file query.cif (mmCIF, C-alpha atoms)
data_data
#
loop_
_atom_site.label_atom_id
_atom_site.label_comp_id
_atom_site.auth_asym_id
_atom_site.auth_seq_id
_atom_site.Cartn_x
_atom_site.Cartn_y
_atom_site.Cartn_z
CA MET O 213 -29.39 19.83 -28.66
CA TYR O 214 -31.52 18.40 -25.89
CA THR O 215 -29.21 16.78 -23.31
CA LEU O 216 -29.61 14.66 -20.19
CA LYS O 217 -28.86 17.77 -18.15
CA ASP O 218 -31.74 19.61 -19.83
CA PHE O 219 -34.02 16.68 -19.16
CA PHE O 220 -33.26 16.49 -15.44
CA LYS O 221 -33.40 20.27 -15.08
CA GLU O 222 -36.81 20.31 -16.69
CA GLU O 223 -37.92 17.40 -14.53
CA GLN O 224 -36.78 19.11 -11.35
CA ASN O 225 -38.48 22.36 -12.25
CA ARG O 226 -41.67 20.47 -12.92
CA ARG O 227 -41.41 18.66 -9.57
CA MET O 228 -40.58 21.91 -7.76
CA GLU O 229 -43.79 23.42 -9.14
CA GLU O 230 -45.66 20.37 -7.96
CA ALA O 231 -44.00 20.54 -4.50
CA ALA O 232 -44.95 24.21 -4.16
CA GLY O 233 -48.62 23.21 -4.36
CA ILE O 234 -48.40 20.72 -1.51
CA ARG O 235 -49.52 21.74 1.97
CA PRO O 236 -46.94 21.49 4.81
CA ILE O 237 -46.96 18.05 6.43
CA GLY O 238 -44.93 18.97 9.53
CA MET O 239 -47.75 18.84 12.05
CA HIS O 240 -49.25 15.78 10.40
CA VAL O 241 -45.92 13.94 10.79
CA VAL O 242 -45.67 15.10 14.42
CA ASN O 243 -49.19 13.76 15.09
CA ILE O 244 -48.27 10.38 13.59
CA ILE O 245 -45.11 10.26 15.75
CA GLU O 246 -47.15 11.05 18.88
CA LYS O 247 -49.65 8.30 18.01
CA GLN O 248 -46.83 5.81 17.35
CA LYS O 249 -45.26 6.70 20.70
CA ALA O 250 -48.59 6.16 22.51
CA VAL O 251 -49.09 2.78 20.80
CA ARG O 252 -45.51 1.72 21.62
CA SER O 253 -45.91 2.75 25.25
CA LYS O 254 -49.19 0.82 25.51
CA LYS O 255 -47.56 -2.26 23.93
CA ARG O 256 -44.65 -2.00 26.37
CA TRP O 257 -47.10 -1.92 29.27
CA TYR O 258 -48.99 -4.95 27.95
CA ARG O 259 -45.73 -6.83 27.45
CA TRP O 260 -44.53 -5.95 30.96
CA LEU O 261 -47.84 -6.96 32.56
CA SER O 262 -48.16 -10.21 30.62
CA GLY O 263 -44.48 -10.99 31.29
CA SER O 264 -44.93 -10.40 35.04
CA PHE O 265 -48.08 -12.50 35.08
CA ALA O 266 -46.32 -15.33 33.22
CA PHE O 267 -43.36 -15.10 35.60
CA VAL O 268 -45.60 -15.31 38.68
CA LEU O 269 -47.51 -18.23 37.17
CA ALA O 270 -44.27 -20.03 36.31
CA ALA O 271 -42.86 -19.35 39.77
CA VAL O 272 -45.99 -20.69 41.45
CA GLY O 273 -46.02 -23.74 39.15
CA ILE O 274 -42.36 -24.50 39.81
CA GLY O 275 -42.88 -23.93 43.54
CA ILE O 276 -45.71 -26.45 43.63
CA TYR O 277 -43.93 -29.02 41.46
CA PHE O 278 -40.61 -28.82 43.39
CA ARG O 279 -42.13 -28.11 46.82
CA GLU O 280 -40.15 -30.86 48.61
CA PHE O 281 -36.86 -29.75 47.13
CA LEU O 282 -37.67 -26.11 47.98
CA ALA O 283 -38.58 -27.07 51.54
CA GLY O 284 -35.12 -28.72 51.81
CA ILE O 285 -33.44 -25.55 50.56
CA PHE O 286 -35.35 -23.39 53.01
CA ARG O 287 -34.44 -25.72 55.90
CA TRP O 288 -30.78 -25.61 54.88
CA ALA O 289 -30.89 -21.80 54.56
CA ASP O 290 -32.52 -21.52 57.97
CA GLU O 291 -29.90 -23.73 59.62
CA SER O 292 -27.00 -22.02 57.83
CA SER O 293 -28.24 -18.56 58.71
CA GLY O 294 -28.57 -19.65 62.34
CA VAL O 295 -24.98 -20.89 62.36
CA VAL O 296 -23.68 -17.80 60.58
CA THR O 297 -25.66 -15.46 62.83
CA GLY O 298 -24.26 -17.23 65.89
CA ARG O 299 -20.73 -16.88 64.55
CA ILE O 300 -21.27 -13.23 63.68
CA VAL O 301 -22.53 -12.52 67.20
CA GLU O 302 -19.49 -14.34 68.58
CA ILE O 303 -17.11 -12.41 66.30
CA TYR O 304 -18.81 -9.15 67.23
CA GLU O 305 -18.45 -9.92 70.95
CA ASN O 306 -14.78 -10.92 70.58
CA THR O 307 -13.97 -7.86 68.47
CA LYS O 308 -15.80 -5.60 70.94
CA PHE O 309 -13.83 -7.15 73.79
CA SER O 310 -10.54 -6.71 71.87
CA PHE O 311 -11.26 -3.04 71.21
CA LEU O 312 -12.30 -2.41 74.80
CA THR O 313 -9.11 -3.96 76.15
CA TRP O 314 -7.00 -2.21 73.48
CA GLY O 315 -8.71 1.08 74.31
CA ALA O 316 -7.96 0.56 78.00
CA GLY O 317 -4.23 0.27 77.12
CA VAL O 318 -3.80 -3.39 77.94
CA THR O 319 -2.92 -4.54 74.40
CA GLN O 320 0.86 -4.87 74.67
CA ASN O 321 0.94 -6.33 78.14
CA ALA O 322 -2.05 -8.57 77.86
CA GLU O 323 -1.71 -12.29 78.13
CA SER O 324 -2.34 -12.55 74.45
CA GLY O 325 -1.59 -9.58 72.08
CA PHE O 326 -4.25 -7.83 69.95
CA ILE O 327 -2.75 -8.97 66.63
CA GLU O 328 -2.58 -12.56 67.82
CA LYS O 329 -6.15 -12.34 69.04
CA ALA O 330 -7.33 -10.85 65.73
CA THR O 331 -5.44 -13.49 63.71
CA THR O 332 -6.94 -16.26 65.81
CA GLU O 333 -10.35 -14.69 65.41
CA ILE O 334 -10.10 -14.27 61.63
CA SER O 335 -8.73 -17.74 61.04
CA ALA O 336 -11.72 -19.15 62.90
CA TRP O 337 -14.27 -17.47 60.63
CA PRO O 338 -16.58 -19.93 58.85
CA VAL O 339 -16.36 -20.27 55.07
CA GLN O 340 -19.66 -18.41 54.59
CA VAL O 341 -18.13 -15.28 56.13
CA TRP O 342 -15.18 -15.55 53.76
CA TYR O 343 -17.57 -15.85 50.80
CA VAL O 344 -19.21 -12.57 51.85
CA VAL O 345 -15.85 -10.87 52.44
CA PHE O 346 -14.53 -11.90 49.01
CA LEU O 347 -17.81 -11.00 47.33
CA VAL O 348 -17.75 -7.49 48.82
CA ALA O 349 -14.07 -7.10 47.90
CA GLY O 350 -14.75 -8.28 44.33
CA VAL O 351 -17.68 -5.92 43.86
CA ALA O 352 -15.62 -3.03 45.28
CA LEU O 353 -12.77 -3.88 42.91
CA LEU O 354 -15.10 -3.97 39.88
CA LEU O 355 -16.71 -0.68 40.89
CA GLY O 356 -13.28 0.88 41.28
CA VAL O 357 -12.14 -0.31 37.86
CA ASP O 358 -15.41 0.87 36.32
CA LYS O 359 -14.98 4.33 37.85
CA LEU O 360 -11.39 4.54 36.62
CA VAL O 361 -12.37 3.52 33.08
CA ARG O 362 -15.30 5.95 32.94
CA HIS O 363 -13.33 8.90 34.26
CA ARG O 364 -10.16 8.34 32.29
CA LYS O 365 -8.95 11.32 30.34
CA PRO O 366 -8.88 10.96 26.54
CA ALA O 367 -5.36 10.56 25.15
CA MET L 1296 -29.10 22.52 14.13
CA ALA L 1297 -31.14 24.30 16.83
CA ASP L 1298 -34.31 22.53 15.67
CA ILE L 1299 -32.48 19.18 15.72
CA GLN L 1300 -31.26 19.77 19.27
CA ARG L 1301 -34.74 20.81 20.38
CA THR L 1302 -36.24 17.70 18.73
CA LEU L 1303 -33.70 15.47 20.45
CA SER L 1304 -34.58 17.03 23.79
CA GLY L 1305 -38.23 16.07 23.22
CA ASP L 1306 -39.77 19.10 21.48
CA ALA L 1307 -41.95 17.51 18.78
CA ARG L 1308 -43.01 20.87 17.34
CA ALA L 1309 -39.40 21.62 16.45
CA TYR L 1310 -39.41 18.49 14.32
CA GLY L 1311 -42.59 19.72 12.63
CA ALA L 1312 -40.70 22.88 11.65
CA LEU L 1313 -37.83 20.76 10.25
CA VAL L 1314 -40.29 18.70 8.19
CA ASP L 1315 -41.90 21.83 6.75
CA LYS L 1316 -38.48 23.19 5.83
CA TYR L 1317 -37.19 20.09 4.02
CA GLN L 1318 -40.34 18.45 2.67
CA SER L 1319 -40.07 20.04 -0.80
CA LEU L 1320 -36.47 18.85 -1.26
CA VAL L 1321 -37.37 15.29 -0.31
CA PHE L 1322 -40.56 15.36 -2.37
CA VAL L 1323 -38.70 16.47 -5.52
CA LEU L 1324 -36.22 13.63 -5.09
CA VAL L 1325 -38.76 10.86 -4.54
CA ARG L 1326 -41.34 12.16 -7.02
CA GLY L 1327 -39.50 10.66 -9.96
CA ILE L 1328 -40.04 7.12 -8.78
CA CYS L 1329 -43.62 7.38 -7.59
CA LYS L 1330 -46.78 6.76 -9.56
CA THR L 1331 -48.71 9.77 -8.36
CA THR L 1332 -48.28 12.93 -6.31
CA ALA L 1333 -50.16 11.28 -3.43
CA ASP L 1334 -47.79 8.32 -3.64
CA ALA L 1335 -44.77 10.66 -3.50
CA GLN L 1336 -46.29 12.45 -0.51
CA GLU L 1337 -46.65 9.11 1.27
CA VAL L 1338 -43.00 8.23 0.60
CA THR L 1339 -41.98 11.73 1.78
CA GLN L 1340 -43.92 11.17 4.99
CA ASP L 1341 -42.21 7.78 5.48
CA VAL L 1342 -38.83 9.45 5.00
CA PHE L 1343 -39.54 11.91 7.82
CA LEU L 1344 -40.88 9.20 10.13
CA LYS L 1345 -37.71 7.17 9.57
CA ALA L 1346 -35.56 10.27 9.98
CA TYR L 1347 -37.20 10.93 13.36
CA GLU L 1348 -36.44 7.38 14.50
CA GLN L 1349 -32.79 7.74 13.48
CA LEU L 1350 -32.27 11.37 14.44
CA HIS L 1351 -30.12 10.42 17.44
CA THR L 1352 -27.61 8.87 15.00
CA PHE L 1353 -27.10 12.21 13.19
CA LYS L 1354 -23.62 13.31 14.24
CA GLY L 1355 -23.29 16.36 12.01
CA THR L 1356 -20.40 14.96 9.94
CA ALA L 1357 -22.53 15.56 6.83
CA SER L 1358 -25.12 18.32 6.49
CA PHE L 1359 -28.63 17.52 7.68
CA ARG L 1360 -29.89 17.84 4.10
CA THR L 1361 -27.40 15.23 2.84
CA TRP L 1362 -28.20 12.93 5.77
CA LEU L 1363 -31.90 13.28 4.99
CA TYR L 1364 -31.28 12.53 1.31
CA ARG L 1365 -29.55 9.32 2.33
CA ILE L 1366 -32.69 8.20 4.17
CA ALA L 1367 -34.82 9.35 1.22
CA TYR L 1368 -32.59 7.39 -1.18
CA ASN L 1369 -32.97 4.16 0.83
CA THR L 1370 -36.71 4.66 1.33
CA ALA L 1371 -37.20 5.37 -2.37
CA ILE L 1372 -35.23 2.26 -3.38
CA SER L 1373 -37.25 0.03 -1.06
CA HIS L 1374 -40.43 1.67 -2.38
CA ILE L 1375 -39.42 0.80 -5.94
CA ARG L 1376 -38.73 -2.79 -4.89
CA LYS L 1377 -42.06 -3.05 -3.09
CA THR L 1378 -44.08 -1.69 -5.99
CA LYS L 1379 -42.80 -4.05 -8.63
CA SER L 1380 -45.11 -2.71 -11.34
CA ARG L 1381 -42.55 -0.14 -12.40
CA GLY L 1382 -43.73 -0.07 -15.99
CA LYS L 1383 -47.19 0.89 -14.90
CA ALA L 1384 -45.72 3.48 -12.55
CA GLY L 1385 -43.88 5.03 -15.46
CA GLU L 1386 -46.98 5.15 -17.59
CA ALA L 1387 -49.01 6.68 -14.77
CA TYR L 1388 -46.30 9.25 -14.16
CA MET L 1389 -46.16 10.13 -17.85
CA GLN L 1390 -49.93 10.58 -18.00
CA GLU L 1391 -49.90 12.80 -14.92
CA VAL L 1392 -46.93 14.82 -16.15
CA MET L 1393 -48.60 15.30 -19.54
CA HIS L 1394 -51.76 16.42 -17.81
CA THR L 1395 -50.20 18.77 -15.25
CA GLY L 1396 -47.47 20.10 -17.47
CA SER L 1397 -49.45 20.75 -20.63
CA SER L 1398 -48.78 24.51 -20.53
CA ILE L 1399 -45.01 23.91 -20.50
CA ASP L 1400 -45.19 21.27 -23.21
CA GLU L 1401 -47.11 23.56 -25.55
CA GLU L 1402 -44.01 25.75 -25.77
CA HIS L 1403 -41.79 22.86 -26.85
CA ASP L 1404 -41.38 21.73 -30.37
CA SER L 1405 -42.31 18.19 -31.27
CA GLU L 1406 -38.68 17.07 -31.61
CA ARG L 1407 -37.85 18.24 -28.09
CA GLU L 1408 -40.98 16.53 -26.83
CA ALA L 1409 -39.98 13.29 -28.51
CA LYS L 1410 -36.52 13.49 -26.98
CA TYR L 1411 -38.03 14.13 -23.58
CA ASP L 1412 -40.30 11.11 -23.90
CA LYS L 1413 -37.40 8.97 -25.06
CA ILE L 1414 -35.15 9.95 -22.13
CA ARG L 1415 -37.97 9.48 -19.69
CA GLN L 1416 -38.57 6.00 -21.04
CA LEU L 1417 -34.84 5.19 -20.84
CA VAL L 1418 -34.58 6.47 -17.28
CA GLU L 1419 -37.69 4.47 -16.32
CA GLU L 1420 -36.00 1.32 -17.62
CA LEU L 1421 -32.92 1.76 -15.44
CA PRO L 1422 -32.58 -0.41 -12.29
CA ALA L 1423 -33.73 1.33 -9.10
CA ALA L 1424 -30.25 2.07 -7.69
CA GLU L 1425 -28.93 3.40 -11.03
CA ARG L 1426 -31.99 5.55 -11.49
CA MET L 1427 -31.59 7.14 -8.09
CA LEU L 1428 -27.88 7.63 -8.68
CA ILE L 1429 -28.36 9.53 -11.93
CA GLU L 1430 -31.22 11.55 -10.38
CA LEU L 1431 -28.89 12.57 -7.55
CA TYR L 1432 -26.04 13.37 -9.95
CA TYR L 1433 -28.19 15.87 -11.79
CA TYR L 1434 -29.87 17.01 -8.61
CA LYS L 1435 -29.30 20.68 -7.79
CA GLU L 1436 -26.41 21.71 -5.57
CA LEU L 1437 -25.13 18.22 -4.76
CA LYS L 1438 -21.40 17.52 -4.91
CA MET L 1439 -20.01 14.15 -5.94
CA GLU L 1440 -18.88 13.49 -2.34
CA GLU L 1441 -22.45 14.05 -1.16
CA VAL L 1442 -23.87 11.79 -3.88
CA ALA L 1443 -21.42 9.05 -2.83
CA TYR L 1444 -22.35 9.49 0.84
CA ILE L 1445 -26.08 9.33 0.09
CA CYS L 1446 -25.69 6.14 -1.97
CA GLY L 1447 -23.31 4.58 0.56
CA MET L 1448 -20.40 4.12 -1.85
CA THR L 1449 -16.95 5.55 -2.41
CA VAL L 1450 -16.51 8.68 -4.54
CA SER L 1451 -14.54 6.80 -7.21
CA ASN L 1452 -17.15 4.05 -7.35
CA ALA L 1453 -19.94 6.61 -7.67
CA LYS L 1454 -18.03 8.40 -10.47
CA VAL L 1455 -17.51 5.18 -12.41
CA ARG L 1456 -21.12 4.09 -12.05
CA ILE L 1457 -22.48 7.50 -13.07
CA PHE L 1458 -20.15 7.57 -16.07
CA ARG L 1459 -21.45 4.17 -17.18
CA ILE L 1460 -25.10 5.14 -16.69
CA ARG L 1461 -24.63 8.36 -18.68
CA GLN L 1462 -22.82 6.46 -21.41
CA LYS L 1463 -25.62 3.90 -21.55
CA LEU L 1464 -28.27 6.62 -21.76
CA GLN L 1465 -26.40 8.60 -24.40
CA GLU L 1466 -25.83 5.50 -26.53
CA ALA L 1467 -29.53 4.67 -26.29
CA MET L 1468 -30.40 8.27 -27.22
CA THR L 1469 -28.18 8.32 -30.30
CA ALA L 1470 -29.40 4.90 -31.39
CA ALA L 1471 -33.02 6.09 -31.25
#

call {"tool": "encode", "arguments": {"input": "query.cif", "output": "structure tokens"}}
result
Amino acid sequence: MYTLKDFFKEEQNRRMEEAAGIRPIGMHVVNIIEKQKAVRSKKRWYRWLSGSFAFVLAAVGIGIYFREFLAGIFRWADESSGVVTGRIVEIYENTKFSFLTWGAGVTQNAESGFIEKATTEISAWPVQVWYVVFLVAGVALLLGVDKLVRHRKPA
Amino acid sequence: MADIQRTLSGDARAYGALVDKYQSLVFVLVRGICKTTADAQEVTQDVFLKAYEQLHTFKGTASFRTWLYRIAYNTAISHIRKTKSRGKAGEAYMQEVMHTGSSIDEEHDSEREAKYDKIRQLVEELPAAERMLIELYYYKELKMEEVAYICGMTVSNAKVRIFRIRQKLQEAMTAA
């Protein structure tokens, strides 16, 4: 009785014989993979270059079209940075003075105490300085959380 | 496993060694659905190219052979769907098998030969997924769990489907 099992067994034996006559394709496959990698790398380069070129073109185009608006932004940035720089210099000078007096041992008996001076100083900081302080604190918090999550031990 | 690790760390030659080791197994599986030996070799090559692309996803939960069969199964099915002229493929395969296997066939009696032709015809008429499933079921050294994994179905589902395919084939054989 010729069964399905016999059929598939015969088929497989036949295919095995056929497979035995085939030359190894290992190196051929490796060569194809290498070629594909080279083509992919070249394509990536082309994409990166054309993307950069398009970005520069778009940036130049936008810059020309919105030149008045951009000039306004630059003026504002220049003025703001001047104000902030002035305040930072002032804060630096005040803080330096506070430390020097504190270091000389005149903190407790001074006309105005160090803590009071510092509080007055901090409360006078412009909003831009607070933005930077909160930004740095936020980034530090996120980095801390990220480190904790990454280094947590598996349960 | 050593060759896989070496391939993943960028040693292409190690992958070449893996291909040489497993090419016969893959070829035997995909040969049944391809028109010619050259066609089967092309599908085998595609299987190994796809396997290289997905090698980083191999976690070792199944054996590498079974994982490779799963890729071969999917590649073979999409090959069948692409080459819609399945009837012609069957005829071409029959002609080639008759030609290459004449020495074996001479030993068979005519009744056995007729049965063989009949089963081949019936298997050719099965839908692609069913055909691959029954091929895998009768494939050497594969357990039902492995067959289910390769076909992406549960063991019970694979059992039921194989039972139905066998029943269908046996009914067709007895009716002939």

call {"tool": "resolve_selection", "arguments": {"input": "query.cif", "expression": "the PyMOL selection byres ((chain L) within 9 of (chain O))", "output": "PyMOL selection string"}}
result
chain L and resi 1307-1308+1310-1316+1318-1320+1322-1324+1326-1327+1332+1336+1340-1341+1343-1344+1347+1392+1395-1396+1399+1407+1410-1411+1414-1415+1430+1433-1435+1461+1464-1465

call {"tool": "write_last_selection", "arguments": {"input": "query.cif", "atoms": "C-alpha atoms", "output": "PDB file, in the frame of the given file"}}
result
ATOM      1  CA  ALA L1307     -41.950  17.510  18.780  1.00  0.00           C
ATOM      2  CA  ARG L1308     -43.010  20.870  17.340  1.00  0.00           C
ATOM      3  CA  TYR L1310     -39.410  18.490  14.320  1.00  0.00           C
ATOM      4  CA  GLY L1311     -42.590  19.720  12.630  1.00  0.00           C
ATOM      5  CA  ALA L1312     -40.700  22.880  11.650  1.00  0.00           C
ATOM      6  CA  LEU L1313     -37.830  20.760  10.250  1.00  0.00           C
ATOM      7  CA  VAL L1314     -40.290  18.700   8.190  1.00  0.00           C
ATOM      8  CA  ASP L1315     -41.900  21.830   6.750  1.00  0.00           C
ATOM      9  CA  LYS L1316     -38.480  23.190   5.830  1.00  0.00           C
ATOM     10  CA  GLN L1318     -40.340  18.450   2.670  1.00  0.00           C
ATOM     11  CA  SER L1319     -40.070  20.040  -0.800  1.00  0.00           C
ATOM     12  CA  LEU L1320     -36.470  18.850  -1.260  1.00  0.00           C
ATOM     13  CA  PHE L1322     -40.560  15.360  -2.370  1.00  0.00           C
ATOM     14  CA  VAL L1323     -38.700  16.470  -5.520  1.00  0.00           C
ATOM     15  CA  LEU L1324     -36.220  13.630  -5.090  1.00  0.00           C
ATOM     16  CA  ARG L1326     -41.340  12.160  -7.020  1.00  0.00           C
ATOM     17  CA  GLY L1327     -39.500  10.660  -9.960  1.00  0.00           C
ATOM     18  CA  THR L1332     -48.280  12.930  -6.310  1.00  0.00           C
ATOM     19  CA  GLN L1336     -46.290  12.450  -0.510  1.00  0.00           C
ATOM     20  CA  GLN L1340     -43.920  11.170   4.990  1.00  0.00           C
ATOM     21  CA  ASP L1341     -42.210   7.780   5.480  1.00  0.00           C
ATOM     22  CA  PHE L1343     -39.540  11.910   7.820  1.00  0.00           C
ATOM     23  CA  LEU L1344     -40.880   9.200  10.130  1.00  0.00           C
ATOM     24  CA  TYR L1347     -37.200  10.930  13.360  1.00  0.00           C
ATOM     25  CA  VAL L1392     -46.930  14.820 -16.150  1.00  0.00           C
ATOM     26  CA  THR L1395     -50.200  18.770 -15.250  1.00  0.00           C
ATOM     27  CA  GLY L1396     -47.470  20.100 -17.470  1.00  0.00           C
ATOM     28  CA  ILE L1399     -45.010  23.910 -20.500  1.00  0.00           C
ATOM     29  CA  ARG L1407     -37.850  18.240 -28.090  1.00  0.00           C
ATOM     30  CA  LYS L1410     -36.520  13.490 -26.980  1.00  0.00           C
ATOM     31  CA  TYR L1411     -38.030  14.130 -23.580  1.00  0.00           C
ATOM     32  CA  ILE L1414     -35.150   9.950 -22.130  1.00  0.00           C
ATOM     33  CA  ARG L1415     -37.970   9.480 -19.690  1.00  0.00           C
ATOM     34  CA  GLU L1430     -31.220  11.550 -10.380  1.00  0.00           C
ATOM     35  CA  TYR L1433     -28.190  15.870 -11.790  1.00  0.00           C
ATOM     36  CA  TYR L1434     -29.870  17.010  -8.610  1.00  0.00           C
ATOM     37  CA  LYS L1435     -29.300  20.680  -7.790  1.00  0.00           C
ATOM     38  CA  ARG L1461     -24.630   8.360 -18.680  1.00  0.00           C
ATOM     39  CA  LEU L1464     -28.270   6.620 -21.760  1.00  0.00           C
ATOM     40  CA  GLN L1465     -26.400   8.600 -24.400  1.00  0.00           C
TER      41      GLN L1465
END

call {"tool": "residues_near_point", "arguments": {"input": "query.cif", "point": "(-34.0, 4.5, -20.5)", "cutoff": "12 Å", "atoms": "all atoms listed in the file", "output": "count of residues only"}}
result
31

call {"tool": "atom_distance", "arguments": {"input": "query.cif", "atom1": "CA of Val1450 in chain L", "atom2": "CA of Ile1328 in chain L"}}
result
24.0 Å

call {"tool": "atom_distance", "arguments": {"input": "query.cif", "atom1": "CA of Thr1469 in chain L", "atom2": "CA of Arg1456 in chain L"}}
result
20.0 Å

call {"tool": "atom_distance", "arguments": {"input": "query.cif", "atom1": "CA of Ala336 in chain O", "atom2": "CA of Trp288 in chain O"}}
result
21.7 Å

call {"tool": "closest_residue", "arguments": {"input": "query.cif", "among": "O:Glu291, O:Glu280, O:Asp358, O:Glu328", "to": "Ser310 in chain O", "atoms": "all atoms listed in the file"}}
result
O:Glu328

call {"tool": "decode", "arguments": {"input": "query.cif", "residues": "range 223-295 of chain O", "atoms": "C-alpha atoms", "output": "PDB file, in the first residue's frame"}}
result
ATOM      1  CA  GLU O 223      10.055  13.074  -2.498  1.00  0.00           C
ATOM      2  CA  GLN O 224      12.506  14.092   0.201  1.00  0.00           C
ATOM      3  CA  ASN O 225      15.030  11.481  -0.828  1.00  0.00           C
ATOM      4  CA  ARG O 226      14.782  12.698  -4.388  1.00  0.00           C
ATOM      5  CA  ARG O 227      15.273  16.316  -3.289  1.00  0.00           C
ATOM      6  CA  MET O 228      18.171  15.332  -1.011  1.00  0.00           C
ATOM      7  CA  GLU O 229      19.904  13.747  -4.004  1.00  0.00           C
ATOM      8  CA  GLU O 230      19.286  16.916  -5.960  1.00  0.00           C
ATOM      9  CA  ALA O 231      20.581  19.097  -3.069  1.00  0.00           C
ATOM     10  CA  ALA O 232      23.762  17.007  -2.846  1.00  0.00           C
ATOM     11  CA  GLY O 233      24.613  18.025  -6.416  1.00  0.00           C
ATOM     12  CA  ILE O 234      24.366  21.750  -5.712  1.00  0.00           C
ATOM     13  CA  ARG O 235      27.528  23.741  -5.051  1.00  0.00           C
ATOM     14  CA  PRO O 236      27.771  25.625  -1.712  1.00  0.00           C
ATOM     15  CA  ILE O 237      26.296  29.121  -1.959  1.00  0.00           C
ATOM     16  CA  GLY O 238      27.740  30.488   1.304  1.00  0.00           C
ATOM     17  CA  MET O 239      30.340  32.792  -0.213  1.00  0.00           C
ATOM     18  CA  HIS O 240      27.961  33.848  -2.965  1.00  0.00           C
ATOM     19  CA  VAL O 241      25.394  34.922  -0.339  1.00  0.00           C
ATOM     20  CA  VAL O 242      28.114  36.749   1.621  1.00  0.00           C
ATOM     21  CA  ASN O 243      29.151  38.614  -1.559  1.00  0.00           C
ATOM     22  CA  ILE O 244      25.544  39.669  -2.199  1.00  0.00           C
ATOM     23  CA  ILE O 245      25.237  40.888   1.411  1.00  0.00           C
ATOM     24  CA  GLU O 246      28.451  42.916   1.063  1.00  0.00           C
ATOM     25  CA  LYS O 247      27.186  44.469  -2.188  1.00  0.00           C
ATOM     26  CA  GLN O 248      23.812  45.281  -0.595  1.00  0.00           C
ATOM     27  CA  LYS O 249      25.593  46.913   2.350  1.00  0.00           C
ATOM     28  CA  ALA O 250      27.726  49.043   0.004  1.00  0.00           C
ATOM     29  CA  VAL O 251      24.654  50.134  -1.979  1.00  0.00           C
ATOM     30  CA  ARG O 252      22.751  50.959   1.232  1.00  0.00           C
ATOM     31  CA  SER O 253      25.679  52.965   2.589  1.00  0.00           C
ATOM     32  CA  LYS O 254      25.956  54.897  -0.684  1.00  0.00           C
ATOM     33  CA  LYS O 255      22.203  55.595  -0.657  1.00  0.00           C
ATOM     34  CA  ARG O 256      22.426  56.803   2.950  1.00  0.00           C
ATOM     35  CA  TRP O 257      25.207  59.189   1.959  1.00  0.00           C
ATOM     36  CA  TYR O 258      23.214  60.520  -0.999  1.00  0.00           C
ATOM     37  CA  ARG O 259      20.153  60.980   1.197  1.00  0.00           C
ATOM     38  CA  TRP O 260      22.184  62.779   3.878  1.00  0.00           C
ATOM     39  CA  LEU O 261      23.869  65.074   1.343  1.00  0.00           C
ATOM     40  CA  SER O 262      20.673  65.892  -0.537  1.00  0.00           C
ATOM     41  CA  GLY O 263      18.843  66.401   2.783  1.00  0.00           C
ATOM     42  CA  SER O 264      21.540  68.794   4.024  1.00  0.00           C
ATOM     43  CA  PHE O 265      21.529  70.661   0.731  1.00  0.00           C
ATOM     44  CA  ALA O 266      17.731  70.977   0.824  1.00  0.00           C
ATOM     45  CA  PHE O 267      17.883  72.148   4.445  1.00  0.00           C
ATOM     46  CA  VAL O 268      20.463  74.832   3.639  1.00  0.00           C
ATOM     47  CA  LEU O 269      18.454  75.956   0.616  1.00  0.00           C
ATOM     48  CA  ALA O 270      15.253  76.098   2.672  1.00  0.00           C
ATOM     49  CA  ALA O 271      17.022  77.975   5.471  1.00  0.00           C
ATOM     50  CA  VAL O 272      18.445  80.522   3.034  1.00  0.00           C
ATOM     51  CA  GLY O 273      15.052  80.907   1.317  1.00  0.00           C
ATOM     52  CA  ILE O 274      13.238  81.392   4.622  1.00  0.00           C
ATOM     53  CA  GLY O 275      15.955  83.798   5.789  1.00  0.00           C
ATOM     54  CA  ILE O 276      15.527  85.941   2.689  1.00  0.00           C
ATOM     55  CA  TYR O 277      11.722  85.849   2.746  1.00  0.00           C
ATOM     56  CA  PHE O 278      11.439  86.669   6.498  1.00  0.00           C
ATOM     57  CA  ARG O 279      14.529  88.895   6.694  1.00  0.00           C
ATOM     58  CA  GLU O 280      12.717  91.774   8.459  1.00  0.00           C
ATOM     59  CA  PHE O 281      11.183  89.508  11.051  1.00  0.00           C
ATOM     60  CA  LEU O 282      14.552  87.786  11.594  1.00  0.00           C
ATOM     61  CA  ALA O 283      16.282  91.149  11.969  1.00  0.00           C
ATOM     62  CA  GLY O 284      13.726  91.981  14.708  1.00  0.00           C
ATOM     63  CA  ILE O 285      14.472  88.714  16.495  1.00  0.00           C
ATOM     64  CA  PHE O 286      18.208  89.309  16.335  1.00  0.00           C
ATOM     65  CA  ARG O 287      17.787  92.853  17.700  1.00  0.00           C
ATOM     66  CA  TRP O 288      15.640  91.538  20.547  1.00  0.00           C
ATOM     67  CA  ALA O 289      18.158  88.755  21.292  1.00  0.00           C
ATOM     68  CA  ASP O 290      20.997  91.276  21.283  1.00  0.00           C
ATOM     69  CA  GLU O 291      19.196  93.606  23.685  1.00  0.00           C
ATOM     70  CA  SER O 292      18.072  90.764  25.962  1.00  0.00           C
ATOM     71  CA  SER O 293      21.536  89.243  26.100  1.00  0.00           C
ATOM     72  CA  GLY O 294      22.949  92.663  26.973  1.00  0.00           C
ATOM     73  CA  VAL O 295      20.473  93.027  29.836  1.00  0.00           C
TER      74      VAL O 295
END
